[in-house]
>>> print(open('upload_30.txt').read())   # compact mmCIF, C-alpha atoms
# COMPACT_ATOMS: atom_id res chain seq x y z
CA ASP A 689 30.44 -2.00 -3.28
CA ALA A 690 28.40 -2.16 -6.48
CA GLY A 691 24.84 -3.29 -6.07
CA VAL A 692 22.79 -4.98 -8.77
CA THR A 693 23.35 -3.48 -12.22
CA GLN A 694 20.79 -3.79 -15.00
CA SER A 695 21.05 -2.74 -18.61
CA PRO A 696 19.63 -1.09 -20.54
CA THR A 697 17.54 1.23 -18.33
CA HIS A 698 14.92 1.86 -21.00
CA LEU A 699 13.99 0.04 -24.16
CA ILE A 700 11.33 0.43 -26.85
CA LYS A 701 10.54 -2.56 -29.06
CA THR A 702 7.94 -3.43 -31.68
CA ARG A 703 5.43 -6.28 -31.32
CA GLY A 704 6.91 -9.56 -32.50
CA GLN A 705 10.49 -8.56 -31.85
CA GLN A 706 12.87 -10.19 -29.42
CA VAL A 707 14.65 -8.51 -26.50
CA THR A 708 17.56 -9.35 -24.18
CA LEU A 709 17.93 -7.74 -20.76
CA ARG A 710 21.08 -8.04 -18.69
CA CYS A 711 21.86 -8.19 -14.99
CA SER A 712 25.04 -8.20 -12.92
CA PRO A 713 24.42 -9.35 -9.34
CA LYS A 714 25.75 -7.75 -6.20
CA SER A 715 29.30 -8.78 -5.31
CA GLY A 716 29.24 -12.03 -3.33
CA HIS A 717 25.80 -13.09 -4.56
CA ASP A 718 25.37 -16.28 -6.57
CA THR A 719 21.63 -16.33 -7.35
CA VAL A 720 19.63 -14.18 -9.73
CA SER A 721 15.84 -13.89 -9.82
CA TRP A 722 13.87 -12.02 -12.46
CA TYR A 723 10.57 -10.26 -11.85
CA GLN A 724 8.08 -8.42 -14.05
CA GLN A 725 6.35 -5.40 -12.54
CA ALA A 726 3.43 -3.94 -14.45
CA LEU A 727 2.32 -0.39 -13.64
CA GLY A 728 0.56 -0.26 -10.28
CA GLN A 729 1.25 -3.92 -9.54
CA GLY A 730 3.65 -5.84 -7.36
CA PRO A 731 6.59 -7.72 -8.91
CA GLN A 732 5.65 -11.07 -10.45
CA PHE A 733 8.21 -13.90 -10.28
CA ILE A 734 9.49 -15.03 -13.69
CA PHE A 735 12.34 -17.41 -12.81
CA GLN A 736 15.43 -17.88 -10.71
CA TYR A 737 18.95 -19.00 -11.68
CA TYR A 738 21.53 -20.65 -9.46
CA GLU A 739 24.69 -22.46 -10.53
CA GLU A 740 23.83 -21.66 -14.16
CA GLU A 741 20.59 -23.64 -13.95
CA GLU A 742 16.97 -22.48 -13.89
CA ARG A 743 16.04 -23.39 -10.35
CA GLN A 744 12.41 -22.24 -10.25
CA ARG A 745 9.91 -20.76 -12.65
CA GLY A 746 6.74 -18.73 -12.23
CA ASN A 747 3.65 -18.72 -14.46
CA PHE A 748 5.24 -17.22 -17.54
CA PRO A 749 5.17 -18.69 -21.06
CA ASP A 750 8.16 -20.25 -22.77
CA ARG A 751 8.66 -16.98 -24.66
CA PHE A 752 10.50 -15.94 -21.52
CA SER A 753 13.87 -17.62 -21.18
CA GLY A 754 17.07 -16.90 -19.37
CA HIS A 755 20.66 -17.75 -18.80
CA GLN A 756 23.22 -17.45 -16.04
CA PHE A 757 26.93 -17.19 -16.79
CA PRO A 758 29.87 -18.55 -14.74
CA ASN A 759 30.44 -15.06 -13.29
CA TYR A 760 26.82 -15.19 -11.95
CA SER A 761 25.55 -12.49 -14.32
CA SER A 762 22.30 -13.25 -16.07
CA GLU A 763 20.21 -12.49 -19.14
CA LEU A 764 16.46 -12.47 -19.63
CA ASN A 765 15.23 -13.08 -23.17
CA VAL A 766 11.69 -12.45 -24.37
CA ASN A 767 10.64 -13.63 -27.83
CA ALA A 768 7.64 -12.61 -29.95
CA LEU A 769 6.95 -9.53 -27.85
CA LEU A 770 3.34 -8.64 -27.04
CA LEU A 771 1.94 -5.28 -25.97
CA GLY A 772 1.24 -6.86 -22.58
CA ASP A 773 4.96 -7.47 -22.04
CA SER A 774 5.40 -3.74 -21.44
CA ALA A 775 6.59 -3.48 -17.83
CA LEU A 776 9.50 -2.83 -15.51
CA TYR A 777 11.75 -5.89 -15.43
CA LEU A 778 13.59 -6.27 -12.17
CA CYS A 779 16.61 -8.39 -11.42
CA ALA A 780 17.25 -9.42 -7.82
CA SER A 781 20.35 -11.13 -6.49
CA SER A 782 20.83 -13.16 -3.34
CA SER A 783 23.12 -15.80 -1.93
CA ILE A 784 21.70 -19.29 -1.67
CA GLY A 785 25.22 -20.60 -1.14
CA GLN A 786 25.45 -18.58 2.09
CA GLY A 787 21.91 -19.41 3.18
CA ASP A 788 20.85 -15.81 2.75
CA TRP A 789 18.42 -16.36 -0.12
CA TYR A 790 15.71 -14.06 1.23
CA GLY A 791 18.03 -11.06 1.39
CA TYR A 792 17.17 -9.96 -2.13
CA THR A 793 18.97 -6.92 -3.53
CA PHE A 794 17.11 -5.43 -6.47
CA GLY A 795 18.43 -3.45 -9.38
CA SER A 796 16.63 -0.34 -10.62
CA GLY A 797 15.10 -2.30 -13.46
CA THR A 798 14.73 -2.08 -17.22
CA ARG A 799 11.64 -0.26 -18.44
CA LEU A 800 10.43 -2.12 -21.56
CA THR A 801 7.82 -0.54 -23.79
CA VAL A 802 6.33 -2.61 -26.60
CA VAL A 803 4.60 -0.63 -29.35
CA GLN B 892 -8.28 -15.70 -4.05
CA LYS B 893 -4.82 -14.23 -4.57
CA GLU B 894 -2.00 -15.63 -2.44
CA VAL B 895 -1.15 -12.19 -1.06
CA GLU B 896 -3.63 -9.33 -0.69
CA GLN B 897 -2.55 -5.75 -0.07
CA ASP B 898 -4.59 -2.55 -0.25
CA PRO B 899 -3.00 -0.38 -2.99
CA GLY B 900 -3.99 2.90 -1.33
CA PRO B 901 -2.99 5.65 -1.72
CA LEU B 902 -2.64 6.31 2.00
CA SER B 903 -2.03 9.92 3.05
CA VAL B 904 -1.03 10.80 6.61
CA PRO B 905 0.42 13.93 8.26
CA GLU B 906 4.09 14.06 9.19
CA GLY B 907 4.75 12.57 12.62
CA ALA B 908 1.78 10.20 12.54
CA ILE B 909 2.00 6.45 13.06
CA VAL B 910 1.46 4.54 9.83
CA SER B 911 -0.01 1.05 9.72
CA LEU B 912 0.37 -1.07 6.58
CA ASN B 913 -1.12 -4.55 6.30
CA CYS B 914 -1.28 -7.68 4.16
CA THR B 915 -3.25 -10.88 4.32
CA TYR B 916 -2.28 -14.16 2.73
CA SER B 917 -3.82 -17.52 2.00
CA ASN B 918 -0.88 -19.93 1.76
CA SER B 919 -0.23 -21.48 5.18
CA ALA B 920 3.17 -22.73 3.93
CA PHE B 921 4.61 -19.20 4.04
CA GLN B 922 7.29 -18.93 6.73
CA TYR B 923 9.36 -15.89 5.76
CA PHE B 924 7.77 -12.46 5.72
CA MET B 925 9.35 -9.33 4.33
CA TRP B 926 8.64 -5.67 3.74
CA TYR B 927 10.19 -3.80 0.84
CA ARG B 928 10.12 -0.08 0.10
CA GLN B 929 10.09 1.13 -3.50
CA TYR B 930 10.69 4.73 -4.52
CA SER B 931 9.54 5.95 -7.91
CA ARG B 932 11.73 4.70 -10.77
CA LYS B 933 13.75 2.50 -8.41
CA GLY B 934 13.87 -1.19 -7.53
CA PRO B 935 12.44 -2.44 -4.21
CA GLU B 936 14.68 -2.18 -1.15
CA LEU B 937 14.45 -4.71 1.69
CA LEU B 938 13.31 -3.01 4.91
CA MET B 939 12.69 -5.90 7.27
CA TYR B 940 12.19 -9.64 7.35
CA THR B 941 10.68 -11.95 9.95
CA TYR B 942 10.67 -15.69 10.28
CA SER B 943 7.37 -17.22 11.44
CA SER B 944 5.17 -15.34 13.93
CA GLY B 945 6.19 -12.49 16.20
CA ASN B 946 7.40 -8.93 16.21
CA LYS B 947 10.60 -7.32 15.02
CA GLU B 948 11.67 -3.74 15.58
CA ASP B 949 14.26 -1.68 13.70
CA GLY B 950 14.40 2.00 14.56
CA ARG B 951 11.07 3.60 13.63
CA PHE B 952 9.85 0.41 11.92
CA THR B 953 8.06 -2.55 13.55
CA ALA B 954 6.99 -5.66 11.67
CA GLN B 955 4.36 -8.02 13.08
CA VAL B 956 3.35 -11.46 11.86
CA ASP B 957 0.24 -13.32 13.02
CA LYS B 958 0.31 -16.71 11.30
CA SER B 959 -2.90 -17.86 12.97
CA SER B 960 -4.77 -15.01 11.23
CA LYS B 961 -2.53 -15.01 8.14
CA TYR B 962 -1.99 -11.30 8.67
CA ILE B 963 1.19 -9.21 8.64
CA SER B 964 1.71 -5.55 9.50
CA LEU B 965 4.33 -2.84 9.25
CA PHE B 966 4.20 0.14 11.58
CA ILE B 967 6.14 3.33 10.96
CA ARG B 968 6.49 5.68 13.92
CA ASP B 969 7.19 9.41 13.64
CA SER B 970 6.61 9.28 9.89
CA GLN B 971 8.70 11.59 7.70
CA PRO B 972 8.12 12.97 4.18
CA SER B 973 11.09 10.81 3.09
CA ASP B 974 9.00 7.75 4.00
CA SER B 975 6.70 8.53 1.06
CA ALA B 976 7.04 5.51 -1.23
CA THR B 977 5.31 2.28 -2.19
CA TYR B 978 5.54 -0.44 0.46
CA LEU B 979 5.45 -4.03 -0.72
CA CYS B 980 4.81 -6.97 1.54
CA ALA B 981 6.43 -10.22 0.43
CA MET B 982 6.51 -13.77 1.67
CA SER B 983 7.93 -17.18 0.95
CA GLY B 984 7.75 -20.79 1.98
CA ARG B 985 10.30 -23.60 1.87
CA ASP B 986 10.66 -23.23 -1.90
CA ASP B 987 12.12 -19.72 -1.29
CA LYS B 988 10.14 -18.27 -4.18
CA ILE B 989 9.19 -14.79 -2.98
CA ILE B 990 5.62 -13.67 -3.66
CA PHE B 991 4.86 -9.95 -3.49
CA GLY B 992 1.71 -8.01 -2.72
CA LYS B 993 0.54 -5.22 -5.02
CA GLY B 994 2.11 -2.56 -2.84
CA THR B 995 0.57 0.33 -0.89
CA ARG B 996 1.37 3.88 -2.00
CA LEU B 997 2.10 6.02 1.06
CA HIS B 998 2.20 9.82 1.12
CA ILE B 999 3.48 11.65 4.21
CA LEU B 1000 2.18 15.20 4.18
CA PRO B 1001 4.58 17.88 5.57
>>> encode(input="upload_30.txt", output="structure tokens")
Amino acid sequence: DAGVTQSPTHLIKTRGQQVTLRCSPKSGHDTVSWYQQALGQGPQFIFQYYEEEERQRGNFPDRFSGHQFPNYSSELNVNALLLGDSALYLCASSSIGQGDWYGYTFGSGTRLTVV
Amino acid sequence: QKEVEQDPGPLSVPEGAIVSLNCTYSNSAFQYFMWYRQYSRKGPELLMYTYSSGNKEDGRFTAQVDKSSKYISLFIRDSQPSDSATYLCAMSGRDDKIIFGKGTRLHILP
């Protein structure tokens, strides 16, 4: 049973560029949440997608946007990259439809470095 | 004041010792309390979750929640070198947005 798959695993971008990160949720899960984890910090909530809609959003600027597809996979887009966007981006899937929303399964993350 | 406070450590203990990890929080609306373990270069892995106050035991792990003190704990008995990781407390209220602590780095010394 495949868990959460994220791609790419590592990425280096230049300030001002745009980046797209991808996530495939665990089989049977319908909800995807994205987190940013800076070095030495806990994950910070970016937003959550359910039924192809942004359901909740954390304190992140509009440069961070996302999308969920009919097959429940998701993308995180970051525009106008800043040095401070360098972090591990984690995707977590869960199943709101089954009332198991707190049983997050995390992927291994995408390490983004902005230079 | 941050919503969730967690001592980042590092915490070093000898193999076989009992480990105690703790978090405090400020939001009284939190009802669901979780502990995640994160190995280097990996995503967090859910260890245990508890609803409201009380204790929950799973093998060598025991989670405690004291809502009156806004304090949660994770105890690891008979600690093993493979338990060396970062432990993240996490919690959520009715909005099911999960808020994480900073994580505590734990080293079990053989």
>>> interface_residues(input="upload_30.txt", of="chain B", to="chain A", cutoff="12 Å", atoms="only C-alpha atoms", output="number ranges by chain")
B: 894-901, 922-942, 977-996
>>> atom_distance(input="upload_30.txt", atom1="CA of Pro758 (chain A)", atom2="CA of Lys701 (chain A)")
28.9 Å
>>> closest_residue(input="upload_30.txt", among="A:Ser783, A:Ser753, A:Ser712, A:Ser774", to="Ile700 (chain A)", atoms="all atoms listed in the file")
A:Ser774
>>> closest_residue(input="upload_30.txt", among="A:Tyr723, A:Gly716, A:Arg710, A:Leu769", to="Gln756 (chain A)", atoms="all atoms listed in the file")
A:Arg710
>>> closest_residue(input="upload_30.txt", among="B:Asp949, B:Val904, B:Ile963, B:Lys893", to="Leu1000 (chain B)", atoms="only C-alpha atoms")
B:Val904
>>> residues_around(input="upload_30.txt", residues="Gly772 (chain A)", least_positions_apart="3", cutoff="10 Å", atoms="all atoms listed in the file", output="number ranges by chain")
A: 703, 726, 769, 775, 801-803
>>> axis_aligned_box(input="upload_30.txt", around="region 727-736 of chain A", padding_each_side="5 Å", output="lines of an AutoDock Vina configuration file")
center_x = 8.0
center_y = -9.1
center_z = -10.5
size_x = 24.9
size_y = 27.6
size_z = 16.3
>>> atom_distance(input="upload_30.txt", atom1="CA of Tyr760 (chain A)", atom2="CA of Gly691 (chain A)")
13.4 Å
>>> atom_distance(input="upload_30.txt", atom1="CA of Ala976 (chain B)", atom2="CA of Thr693 (chain A)")
21.6 Å
>>> residues_around(input="upload_30.txt", residues="Val956 (chain B)", least_positions_apart="6", cutoff="7 Å", atoms="all atoms listed in the file", output="ChimeraX atom specification")
/B:944-946,962-964
>>> closest_residue(input="upload_30.txt", among="A:Lys714, A:Thr708, A:Val720, A:Glu739", to="Phe752 (chain A)", atoms="only C-alpha atoms")
A:Thr708
>>> decode(input="upload_30.txt", residues="region 736-748 of chain A", atoms="N, CA, C and O atoms", output="PDB file, in the first residue's frame")
ATOM      1  N   GLN A 736      -5.146  23.441   3.454  1.00  0.00           N
ATOM      2  CA  GLN A 736      -5.709  22.106   3.368  1.00  0.00           C
ATOM      3  C   GLN A 736      -6.728  22.062   2.233  1.00  0.00           C
ATOM      4  O   GLN A 736      -7.531  22.989   2.074  1.00  0.00           O
ATOM      5  N   TYR A 737      -6.735  20.970   1.462  1.00  0.00           N
ATOM      6  CA  TYR A 737      -7.665  20.803   0.358  1.00  0.00           C
ATOM      7  C   TYR A 737      -8.537  19.572   0.575  1.00  0.00           C
ATOM      8  O   TYR A 737      -8.055  18.493   0.948  1.00  0.00           O
ATOM      9  N   TYR A 738      -9.818  19.764   0.304  1.00  0.00           N
ATOM     10  CA  TYR A 738     -10.789  18.677   0.402  1.00  0.00           C
ATOM     11  C   TYR A 738     -11.844  18.923  -0.653  1.00  0.00           C
ATOM     12  O   TYR A 738     -12.326  20.057  -0.792  1.00  0.00           O
ATOM     13  N   GLU A 739     -12.201  17.901  -1.384  1.00  0.00           N
ATOM     14  CA  GLU A 739     -13.177  18.012  -2.474  1.00  0.00           C
ATOM     15  C   GLU A 739     -12.800  19.143  -3.443  1.00  0.00           C
ATOM     16  O   GLU A 739     -13.645  19.939  -3.872  1.00  0.00           O
ATOM     17  N   GLU A 740     -11.516  19.222  -3.738  1.00  0.00           N
ATOM     18  CA  GLU A 740     -10.955  20.156  -4.721  1.00  0.00           C
ATOM     19  C   GLU A 740     -11.085  21.621  -4.321  1.00  0.00           C
ATOM     20  O   GLU A 740     -10.884  22.521  -5.153  1.00  0.00           O
ATOM     21  N   GLU A 741     -11.401  21.860  -3.046  1.00  0.00           N
ATOM     22  CA  GLU A 741     -11.532  23.229  -2.550  1.00  0.00           C
ATOM     23  C   GLU A 741     -10.530  23.468  -1.429  1.00  0.00           C
ATOM     24  O   GLU A 741     -10.237  22.551  -0.644  1.00  0.00           O
ATOM     25  N   GLU A 742     -10.038  24.706  -1.323  1.00  0.00           N
ATOM     26  CA  GLU A 742      -9.205  25.071  -0.189  1.00  0.00           C
ATOM     27  C   GLU A 742     -10.119  25.191   1.027  1.00  0.00           C
ATOM     28  O   GLU A 742     -10.971  26.090   1.089  1.00  0.00           O
ATOM     29  N   ARG A 743      -9.906  24.329   1.985  1.00  0.00           N
ATOM     30  CA  ARG A 743     -10.823  24.244   3.121  1.00  0.00           C
ATOM     31  C   ARG A 743     -10.384  25.152   4.275  1.00  0.00           C
ATOM     32  O   ARG A 743     -11.201  25.726   4.965  1.00  0.00           O
ATOM     33  N   GLN A 744      -9.069  25.244   4.458  1.00  0.00           N
ATOM     34  CA  GLN A 744      -8.515  26.081   5.525  1.00  0.00           C
ATOM     35  C   GLN A 744      -7.178  26.617   5.057  1.00  0.00           C
ATOM     36  O   GLN A 744      -6.509  25.996   4.223  1.00  0.00           O
ATOM     37  N   ARG A 745      -6.768  27.727   5.667  1.00  0.00           N
ATOM     38  CA  ARG A 745      -5.505  28.330   5.295  1.00  0.00           C
ATOM     39  C   ARG A 745      -4.808  28.853   6.539  1.00  0.00           C
ATOM     40  O   ARG A 745      -5.453  29.403   7.434  1.00  0.00           O
ATOM     41  N   GLY A 746      -3.502  28.696   6.591  1.00  0.00           N
ATOM     42  CA  GLY A 746      -2.701  29.246   7.675  1.00  0.00           C
ATOM     43  C   GLY A 746      -2.234  30.651   7.325  1.00  0.00           C
ATOM     44  O   GLY A 746      -2.695  31.261   6.348  1.00  0.00           O
ATOM     45  N   ASN A 747      -1.290  31.165   8.102  1.00  0.00           N
ATOM     46  CA  ASN A 747      -0.808  32.542   7.920  1.00  0.00           C
ATOM     47  C   ASN A 747       0.308  32.603   6.879  1.00  0.00           C
ATOM     48  O   ASN A 747       1.450  32.927   7.202  1.00  0.00           O
ATOM     49  N   PHE A 748      -0.031  32.303   5.663  1.00  0.00           N
ATOM     50  CA  PHE A 748       0.926  32.377   4.561  1.00  0.00           C
ATOM     51  C   PHE A 748       0.390  33.341   3.509  1.00  0.00           C
ATOM     52  O   PHE A 748      -0.806  33.407   3.281  1.00  0.00           O
TER      53      PHE A 748
END
